[in-house]
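J.: My questions will all concern the structure given below.
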Amino acid sequence: MSKQSRKALVWLRNDLRLDDNPALNFACENYDEVFVAYLYVPREEGDWAPGAASKWWLHHSLKALSERIAERGGSLGVFSGDSSEKILRRLLRDTQATGVFWNRRYEFHVRARDEQIKRGLGAEGFEVMSFNAQLLWEPWEVSTGEGKPYQVFTPFWKKVSTLDAPSRPRALSRGARLARFEGGLELEDLNLLPKLSWASEFSEESSPGELGGARALQSFLKNALLSYKGGRDVPSQRGTSRISPHLHFGELSIRKVWHLVSDVEAKTPAARESRETYLKELAWREFAYHILFHFPETPTRPLREAFSAFPWRTSHKELSAWKKGLTGYPIVDAGMRELWRTGYMHNRVRMIVASFLVKDLRISWLEGAKWFWDTLLDADLASNTLGWQWAGGCGADAAPYFRVFNPTLQGEKFDADADYVRRWVPELSRLSTKWIHRPWEAPPRALADAGVMLGKNYPLPMVDHKKARSEALAAFSAMRGSSS
DNA sequence: TGAAATGTTGGGGCG
DNA sequence: ACGCCCCAACATTTC
């Protein structure tokens, strides 16, 4: 009697890769035929359905993945609807699969959904298993001596440093063949690409997909890792890894990144320090997931309860000027325009523009988080939430509220030759380096020679930083007064 | 992963 | 030679 072919379904989500994909490895090792599906169900993501930039990336990532799967003789099944569970049930019926496997996600709504599906299908006799493809350490595996989650990065870092190193990545076995899916959608049917030409320049800086991720990582390891500590702060240079979207969509395995970085030979103390600093940044990402998992309401609510009473201002006009890069502070405007044009912003500049929104304009960090969510190709709920609550002073291990960035000084310090501002704010490009970060103080002659007409072709500062800073500090102490 | 305000120190100009 | 003042440079405190 011939044994019946055992069929499995692998449900891909933010793990759009074939390499070091635990769910896929498991299915291929234990089943004869493996179907691979992607389900696009934005309404199950709570308030955080993919933003416009994320959708652009997702489209291209799925396309790249389809090609990878085709090389293995299969096809990626793409489906859409209003319930992942309904779609999965249909696929299990159509394919006759008896096992379904996926890699875990950590957002609150998604976890609730996944657990329900796991219970339901498990009770009906399907083999259902989830795996870790996204993190070095599961959020529930890291806790303080008292068994509580961490809220401060440094002790979190110390703790994970004592844990076992993350396991080595495992490639998909050479011979693994994937099955052909019938009846899926065309990628175009998901309507992920923007109607306007907004995203036309994205592909100049970004190449979604597993191979694009591997290239970005290799280039970073070769060119920038060992000078990361200083290089990461200069926005005009390629001193950062720029792998964040690849990590978000799981095109790159975090375990692989960790081990490749750790294995780079660093000959000088400075090089070793750079390597360590980068590993620490990877641990910040873990910390963000740790916080998101243990404090699932933080995407919309401050972790530090007192901040619920903070007197945020509401101004559509000012928020809009910030989004457009028309604040009158060159480094802020450069960052916001880089974001709009490329779907990316250098991390140093992210901190500067965030501080400006939250402290100088006193507009809620949540408005900033929403804008980044819609416009960043690497938008990630854990990192975005941690970053914005850090900037707002209301989150885990946040900057104290009185730590206010001075956009002029930040520009002069980290964009000293103004290459970054000249690139993204071309109307200031002919202004001398001496004045370019503070055009409102430039002598009229210098402005005229550079063709800058403040208030006409480049705005005057929308707020006076010195005044805005002291008002922010006053609002902060008012909040503390009212809550204590 | 700040910046401003305030305090301290020490060298040099000068009477 | 000495004390005084100025102020840059650095350190510390405060927001």
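Here's how to read the names in the structure tokens: chain A, B, ... by the order shown, residue numbers from 1 in each chain, ligand numbers from 1 in the order shown.
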Up to 12 Å from chain A, what residues of chain B turn up? Count only C-alpha atoms (C1' of nucleotides) and give them as an MDAnalysis selection string.
T.: chainID B and resid 1:4
J.: Skip DG15 in chain B itself and residues of its chain fewer than 3 positions away, then list as JSON, numbers by chain all residues within 12 Å of it, counting only C-alpha atoms (C1' of nucleotides).
T.: {"C": [2, 3, 4, 5]}
J.: Store the residues picked out above in a file with C-alpha atoms (C1' of nucleotides), as a PDB file, in the first residue's frame.
T.:
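Final output, saved to part-v7.pdb:
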ATOM      1  C1'  DC C   2      52.369  91.021  42.944  1.00  0.00           C
ATOM      2  C1'  DG C   3      47.406  91.370  42.812  1.00  0.00           C
ATOM      3  C1'  DC C   4      43.616  92.187  40.048  1.00  0.00           C
ATOM      4  C1'  DC C   5      40.743  91.461  36.218  1.00  0.00           C
TER       5       DC C   5
END
J.: Could you give me the residues within range 155-355 of chain A that DSSP places in helix (DSSP H, G or I), as an mmCIF file with C-alpha atoms, in the first residue's frame?
T.:
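selection_22.cif was written with the following content:
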data_model
loop_
_atom_site.group_PDB
_atom_site.id
_atom_site.type_symbol
_atom_site.label_atom_id
_atom_site.label_comp_id
_atom_site.auth_asym_id
_atom_site.auth_seq_id
_atom_site.Cartn_x
_atom_site.Cartn_y
_atom_site.Cartn_z
ATOM 1 C CA PRO A 155 19.609 46.031 32.325
ATOM 2 C CA PHE A 156 17.760 44.369 29.437
ATOM 3 C CA TRP A 157 21.005 44.386 27.458
ATOM 4 C CA LYS A 158 22.964 43.021 30.389
ATOM 5 C CA LYS A 159 20.460 40.258 30.817
ATOM 6 C CA VAL A 160 20.362 39.126 27.189
ATOM 7 C CA SER A 161 24.161 39.188 27.155
ATOM 8 C CA THR A 162 24.069 36.395 29.733
ATOM 9 C CA LEU A 187 -0.163 40.396 -6.960
ATOM 10 C CA GLU A 188 -1.619 43.435 -8.717
ATOM 11 C CA ASP A 189 -5.062 42.494 -7.403
ATOM 12 C CA LEU A 190 -3.951 43.495 -3.900
ATOM 13 C CA SER A 197 3.814 58.822 -8.740
ATOM 14 C CA TRP A 198 4.760 59.425 -5.104
ATOM 15 C CA ALA A 199 6.850 56.257 -4.830
ATOM 16 C CA SER A 200 8.714 56.772 -8.088
ATOM 17 C CA GLU A 201 12.055 57.361 -6.363
ATOM 18 C CA PHE A 202 11.770 54.634 -3.757
ATOM 19 C CA SER A 203 13.460 52.021 -5.862
ATOM 20 C CA GLU A 204 16.582 54.160 -6.270
ATOM 21 C CA GLU A 205 17.503 53.560 -2.656
ATOM 22 C CA GLU A 210 15.582 38.503 0.181
ATOM 23 C CA LEU A 211 18.431 39.122 -2.229
ATOM 24 C CA GLY A 212 18.206 42.883 -1.813
ATOM 25 C CA GLY A 213 18.417 42.386 1.945
ATOM 26 C CA ALA A 214 21.451 40.150 1.669
ATOM 27 C CA ARG A 215 23.175 42.703 -0.547
ATOM 28 C CA ALA A 216 22.401 45.575 1.824
ATOM 29 C CA LEU A 217 23.794 43.605 4.738
ATOM 30 C CA GLN A 218 26.955 42.567 2.893
ATOM 31 C CA SER A 219 27.596 46.126 1.835
ATOM 32 C CA PHE A 220 27.217 47.327 5.420
ATOM 33 C CA LEU A 221 29.503 44.632 6.806
ATOM 34 C CA LYS A 222 32.156 45.463 4.266
ATOM 35 C CA ASN A 223 31.972 49.247 4.264
ATOM 36 C CA LEU A 225 30.251 48.203 10.370
ATOM 37 C CA LEU A 226 33.717 48.817 11.768
ATOM 38 C CA SER A 227 33.279 52.584 11.774
ATOM 39 C CA TYR A 228 29.637 52.435 12.818
ATOM 40 C CA LYS A 229 30.031 54.153 16.165
ATOM 41 C CA GLY A 230 30.828 57.550 14.689
ATOM 42 C CA GLY A 231 29.629 56.972 11.150
ATOM 43 C CA SER A 244 15.444 47.861 8.740
ATOM 44 C CA PRO A 245 12.758 47.227 6.087
ATOM 45 C CA HIS A 246 14.329 43.882 5.264
ATOM 46 C CA LEU A 247 14.165 42.975 8.943
ATOM 47 C CA HIS A 248 10.611 44.229 9.288
ATOM 48 C CA ILE A 254 17.831 38.465 12.471
ATOM 49 C CA ARG A 255 19.821 35.436 13.605
ATOM 50 C CA LYS A 256 21.829 35.574 10.424
ATOM 51 C CA VAL A 257 22.517 39.277 10.892
ATOM 52 C CA TRP A 258 23.563 38.696 14.485
ATOM 53 C CA HIS A 259 26.014 35.947 13.624
ATOM 54 C CA LEU A 260 27.462 37.594 10.539
ATOM 55 C CA VAL A 261 28.089 40.781 12.512
ATOM 56 C CA SER A 262 29.533 38.895 15.475
ATOM 57 C CA ASP A 263 31.858 36.970 13.181
ATOM 58 C CA PRO A 269 39.539 48.552 19.934
ATOM 59 C CA ALA A 270 37.600 51.164 17.975
ATOM 60 C CA ALA A 271 36.444 48.550 15.482
ATOM 61 C CA ARG A 272 35.377 46.247 18.276
ATOM 62 C CA GLU A 273 33.481 49.093 19.864
ATOM 63 C CA SER A 274 31.687 49.786 16.598
ATOM 64 C CA ARG A 275 30.706 46.157 16.245
ATOM 65 C CA GLU A 276 29.427 46.138 19.806
ATOM 66 C CA THR A 277 27.467 49.336 19.255
ATOM 67 C CA TYR A 278 25.751 47.796 16.260
ATOM 68 C CA LEU A 279 24.876 44.600 18.125
ATOM 69 C CA LYS A 280 23.418 46.835 20.784
ATOM 70 C CA GLU A 281 21.192 48.459 18.172
ATOM 71 C CA LEU A 282 19.920 45.014 17.229
ATOM 72 C CA ALA A 283 19.185 44.529 20.916
ATOM 73 C CA TRP A 284 17.229 47.815 20.927
ATOM 74 C CA ARG A 285 15.000 46.241 18.311
ATOM 75 C CA GLU A 286 14.541 43.251 20.610
ATOM 76 C CA PHE A 287 13.792 45.621 23.473
ATOM 77 C CA ALA A 288 11.123 47.304 21.346
ATOM 78 C CA TYR A 289 9.414 43.946 20.793
ATOM 79 C CA HIS A 290 9.799 43.136 24.476
ATOM 80 C CA ILE A 291 7.945 46.342 25.361
ATOM 81 C CA LEU A 292 5.293 45.855 22.684
ATOM 82 C CA PHE A 293 4.608 42.336 23.875
ATOM 83 C CA HIS A 294 4.426 43.136 27.579
ATOM 84 C CA GLU A 305 0.666 57.066 32.775
ATOM 85 C CA ALA A 306 1.333 60.655 33.891
ATOM 86 C CA PHE A 307 1.714 61.693 30.261
ATOM 87 C CA SER A 308 -1.956 61.040 29.603
ATOM 88 C CA ALA A 309 -2.447 64.474 31.195
ATOM 89 C CA HIS A 316 -3.416 70.921 11.661
ATOM 90 C CA LYS A 317 -1.503 73.730 10.016
ATOM 91 C CA GLU A 318 1.662 73.222 12.035
ATOM 92 C CA LEU A 319 1.511 69.453 11.760
ATOM 93 C CA SER A 320 1.170 69.848 8.043
ATOM 94 C CA ALA A 321 4.193 72.188 7.840
ATOM 95 C CA TRP A 322 6.221 69.579 9.699
ATOM 96 C CA LYS A 323 5.089 66.797 7.367
ATOM 97 C CA LYS A 324 5.951 68.819 4.297
ATOM 98 C CA PRO A 330 16.864 73.236 7.650
ATOM 99 C CA ILE A 331 17.869 69.962 9.276
ATOM 100 C CA VAL A 332 14.237 69.217 10.174
ATOM 101 C CA ASP A 333 13.012 70.063 6.701
ATOM 102 C CA ALA A 334 15.759 68.008 5.073
ATOM 103 C CA GLY A 335 14.742 64.970 7.094
ATOM 104 C CA MET A 336 11.043 65.290 6.408
ATOM 105 C CA ARG A 337 11.693 65.681 2.693
ATOM 106 C CA GLU A 338 14.061 62.742 2.595
ATOM 107 C CA LEU A 339 11.268 60.715 4.180
ATOM 108 C CA TRP A 340 8.665 61.824 1.664
ATOM 109 C CA ARG A 341 10.893 61.282 -1.337
ATOM 110 C CA THR A 342 12.593 58.027 -0.401
ATOM 111 C CA ASN A 347 18.135 57.741 12.313
ATOM 112 C CA ARG A 348 19.936 60.768 13.712
ATOM 113 C CA VAL A 349 17.523 62.966 11.810
ATOM 114 C CA ARG A 350 14.532 60.924 12.990
ATOM 115 C CA MET A 351 15.446 61.935 16.531
ATOM 116 C CA ILE A 352 15.786 65.574 15.528
ATOM 117 C CA VAL A 353 12.462 65.816 13.695
ATOM 118 C CA ALA A 354 10.721 63.898 16.469
ATOM 119 C CA SER A 355 12.085 66.220 19.116
#
J.: If you run DSSP on the backbone here, which positions in range 31-167 of chain A get strand (DSSP E)? Please write them as a list in words.
T.: Glu33, Val34, Phe35, Val36, Ala37, Tyr38, Leu39, Tyr40, Leu76, Gly77, Val78, Phe79, Ser80, Gly99, Val100, Phe101, Trp102, Asn103, Glu127, Val128, Met129, Ser130 and Phe131 of chain A
J.: Write out the residues from the selection above, keeping N, CA and C atoms, as a PDB file, in the first residue's frame.
T.:
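Full text of part-v9.pdb as output:
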ATOM      1  N   GLU A  33       4.611  17.514   0.482  1.00  0.00           N
ATOM      2  CA  GLU A  33       4.283  18.648  -0.393  1.00  0.00           C
ATOM      3  C   GLU A  33       4.025  19.867   0.471  1.00  0.00           C
ATOM      4  N   VAL A  34       4.657  20.987   0.110  1.00  0.00           N
ATOM      5  CA  VAL A  34       4.531  22.193   0.928  1.00  0.00           C
ATOM      6  C   VAL A  34       3.992  23.343   0.079  1.00  0.00           C
ATOM      7  N   PHE A  35       2.829  23.833   0.469  1.00  0.00           N
ATOM      8  CA  PHE A  35       2.215  24.992  -0.185  1.00  0.00           C
ATOM      9  C   PHE A  35       2.570  26.239   0.628  1.00  0.00           C
ATOM     10  N   VAL A  36       2.908  27.302  -0.089  1.00  0.00           N
ATOM     11  CA  VAL A  36       3.285  28.537   0.598  1.00  0.00           C
ATOM     12  C   VAL A  36       2.291  29.627   0.226  1.00  0.00           C
ATOM     13  N   ALA A  37       1.706  30.265   1.262  1.00  0.00           N
ATOM     14  CA  ALA A  37       0.673  31.275   1.000  1.00  0.00           C
ATOM     15  C   ALA A  37       0.960  32.572   1.740  1.00  0.00           C
ATOM     16  N   TYR A  38       0.521  33.667   1.142  1.00  0.00           N
ATOM     17  CA  TYR A  38       0.516  34.967   1.816  1.00  0.00           C
ATOM     18  C   TYR A  38      -0.917  35.479   1.824  1.00  0.00           C
ATOM     19  N   LEU A  39      -1.395  35.876   2.986  1.00  0.00           N
ATOM     20  CA  LEU A  39      -2.776  36.363   3.132  1.00  0.00           C
ATOM     21  C   LEU A  39      -2.752  37.846   3.444  1.00  0.00           C
ATOM     22  N   TYR A  40      -3.367  38.624   2.609  1.00  0.00           N
ATOM     23  CA  TYR A  40      -3.417  40.070   2.857  1.00  0.00           C
ATOM     24  C   TYR A  40      -4.767  40.413   3.481  1.00  0.00           C
ATOM     25  N   LEU A  76       3.858  31.044  -5.160  1.00  0.00           N
ATOM     26  CA  LEU A  76       3.330  31.658  -3.940  1.00  0.00           C
ATOM     27  C   LEU A  76       1.833  31.884  -4.124  1.00  0.00           C
ATOM     28  N   GLY A  77       1.040  31.371  -3.214  1.00  0.00           N
ATOM     29  CA  GLY A  77      -0.400  31.634  -3.271  1.00  0.00           C
ATOM     30  C   GLY A  77      -0.691  32.946  -2.571  1.00  0.00           C
ATOM     31  N   VAL A  78      -1.279  33.883  -3.293  1.00  0.00           N
ATOM     32  CA  VAL A  78      -1.600  35.183  -2.705  1.00  0.00           C
ATOM     33  C   VAL A  78      -3.110  35.288  -2.567  1.00  0.00           C
ATOM     34  N   PHE A  79      -3.556  35.622  -1.379  1.00  0.00           N
ATOM     35  CA  PHE A  79      -5.000  35.674  -1.117  1.00  0.00           C
ATOM     36  C   PHE A  79      -5.321  36.917  -0.317  1.00  0.00           C
ATOM     37  N   SER A  80      -6.576  37.314  -0.397  1.00  0.00           N
ATOM     38  CA  SER A  80      -6.998  38.479   0.358  1.00  0.00           C
ATOM     39  C   SER A  80      -8.442  38.280   0.795  1.00  0.00           C
ATOM     40  N   GLY A  99      -1.332  19.948   7.800  1.00  0.00           N
ATOM     41  CA  GLY A  99      -0.547  20.720   8.751  1.00  0.00           C
ATOM     42  C   GLY A  99      -0.481  22.174   8.306  1.00  0.00           C
ATOM     43  N   VAL A 100      -0.465  23.092   9.271  1.00  0.00           N
ATOM     44  CA  VAL A 100      -0.311  24.510   8.921  1.00  0.00           C
ATOM     45  C   VAL A 100       0.696  25.136   9.885  1.00  0.00           C
ATOM     46  N   PHE A 101       1.642  25.883   9.312  1.00  0.00           N
ATOM     47  CA  PHE A 101       2.780  26.383  10.090  1.00  0.00           C
ATOM     48  C   PHE A 101       3.045  27.840   9.760  1.00  0.00           C
ATOM     49  N   TRP A 102       3.403  28.570  10.786  1.00  0.00           N
ATOM     50  CA  TRP A 102       3.769  29.980  10.554  1.00  0.00           C
ATOM     51  C   TRP A 102       4.793  30.428  11.566  1.00  0.00           C
ATOM     52  N   ASN A 103       5.378  31.577  11.304  1.00  0.00           N
ATOM     53  CA  ASN A 103       6.301  32.199  12.248  1.00  0.00           C
ATOM     54  C   ASN A 103       5.578  33.297  12.996  1.00  0.00           C
ATOM     55  N   GLU A 127      -2.252  19.603  12.332  1.00  0.00           N
ATOM     56  CA  GLU A 127      -1.015  19.907  13.055  1.00  0.00           C
ATOM     57  C   GLU A 127      -0.718  21.392  12.853  1.00  0.00           C
ATOM     58  N   VAL A 128      -0.746  22.140  13.944  1.00  0.00           N
ATOM     59  CA  VAL A 128      -0.545  23.590  13.855  1.00  0.00           C
ATOM     60  C   VAL A 128       0.624  23.963  14.749  1.00  0.00           C
ATOM     61  N   MET A 129       1.616  24.637  14.189  1.00  0.00           N
ATOM     62  CA  MET A 129       2.747  25.051  15.019  1.00  0.00           C
ATOM     63  C   MET A 129       3.236  26.419  14.587  1.00  0.00           C
ATOM     64  N   SER A 130       3.667  27.197  15.567  1.00  0.00           N
ATOM     65  CA  SER A 130       4.282  28.484  15.235  1.00  0.00           C
ATOM     66  C   SER A 130       5.737  28.469  15.690  1.00  0.00           C
ATOM     67  N   PHE A 131       6.533  29.321  15.043  1.00  0.00           N
ATOM     68  CA  PHE A 131       7.989  29.326  15.259  1.00  0.00           C
ATOM     69  C   PHE A 131       8.469  30.764  15.414  1.00  0.00           C
TER      70      PHE A 131
END
J.: What's the 12 Å shell around Asp94 in chain A, counting only C-alpha atoms (C1' of nucleotides), without same-chain residues fewer than 6 positions away, as an MDAnalysis selection string?
T.: chainID A and resid 7:9 35 87:88 181:184
J.: As an exercise, work out the distance from CA of Thr375 in chain A to CA of Leu361 in chain A in Å and give it to one decimal place.
T.: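 CA of Leu361 in chain A lies 20.2 Å from CA of Thr375 in chain A.
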J.: Residues at most 8 Å from range 434-438 of chain A, counting only C-alpha atoms (C1' of nucleotides), excluding those fewer than 3 positions away in the same chain, as an NGL selection string?
T.: :A and (329-331 or 408 or 411-412 or 418 or 428-429 or 431 or 441-442)
J.: Using the selection just defined, write its residues with C-alpha atoms as a short mmCIF file (atom, residue, chain, number, x, y, z; two decimals), in the first residue's frame.
T.:
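Result file is again_23.cif:
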data_model
loop_
_atom_site.label_atom_id
_atom_site.label_comp_id
_atom_site.auth_asym_id
_atom_site.auth_seq_id
_atom_site.Cartn_x
_atom_site.Cartn_y
_atom_site.Cartn_z
CA TYR A 329 14.68 74.68 10.41
CA PRO A 330 16.86 73.24 7.65
CA ILE A 331 17.87 69.96 9.28
CA THR A 408 20.40 74.33 14.75
CA GLY A 411 22.53 70.37 12.23
CA GLU A 412 25.88 72.03 12.78
CA ALA A 418 25.72 70.70 5.22
CA LEU A 428 19.33 76.66 0.49
CA SER A 429 22.07 74.87 -1.39
CA LEU A 431 24.05 79.39 1.16
CA GLU A 441 20.60 84.96 11.14
CA ALA A 442 22.42 85.28 7.82
#
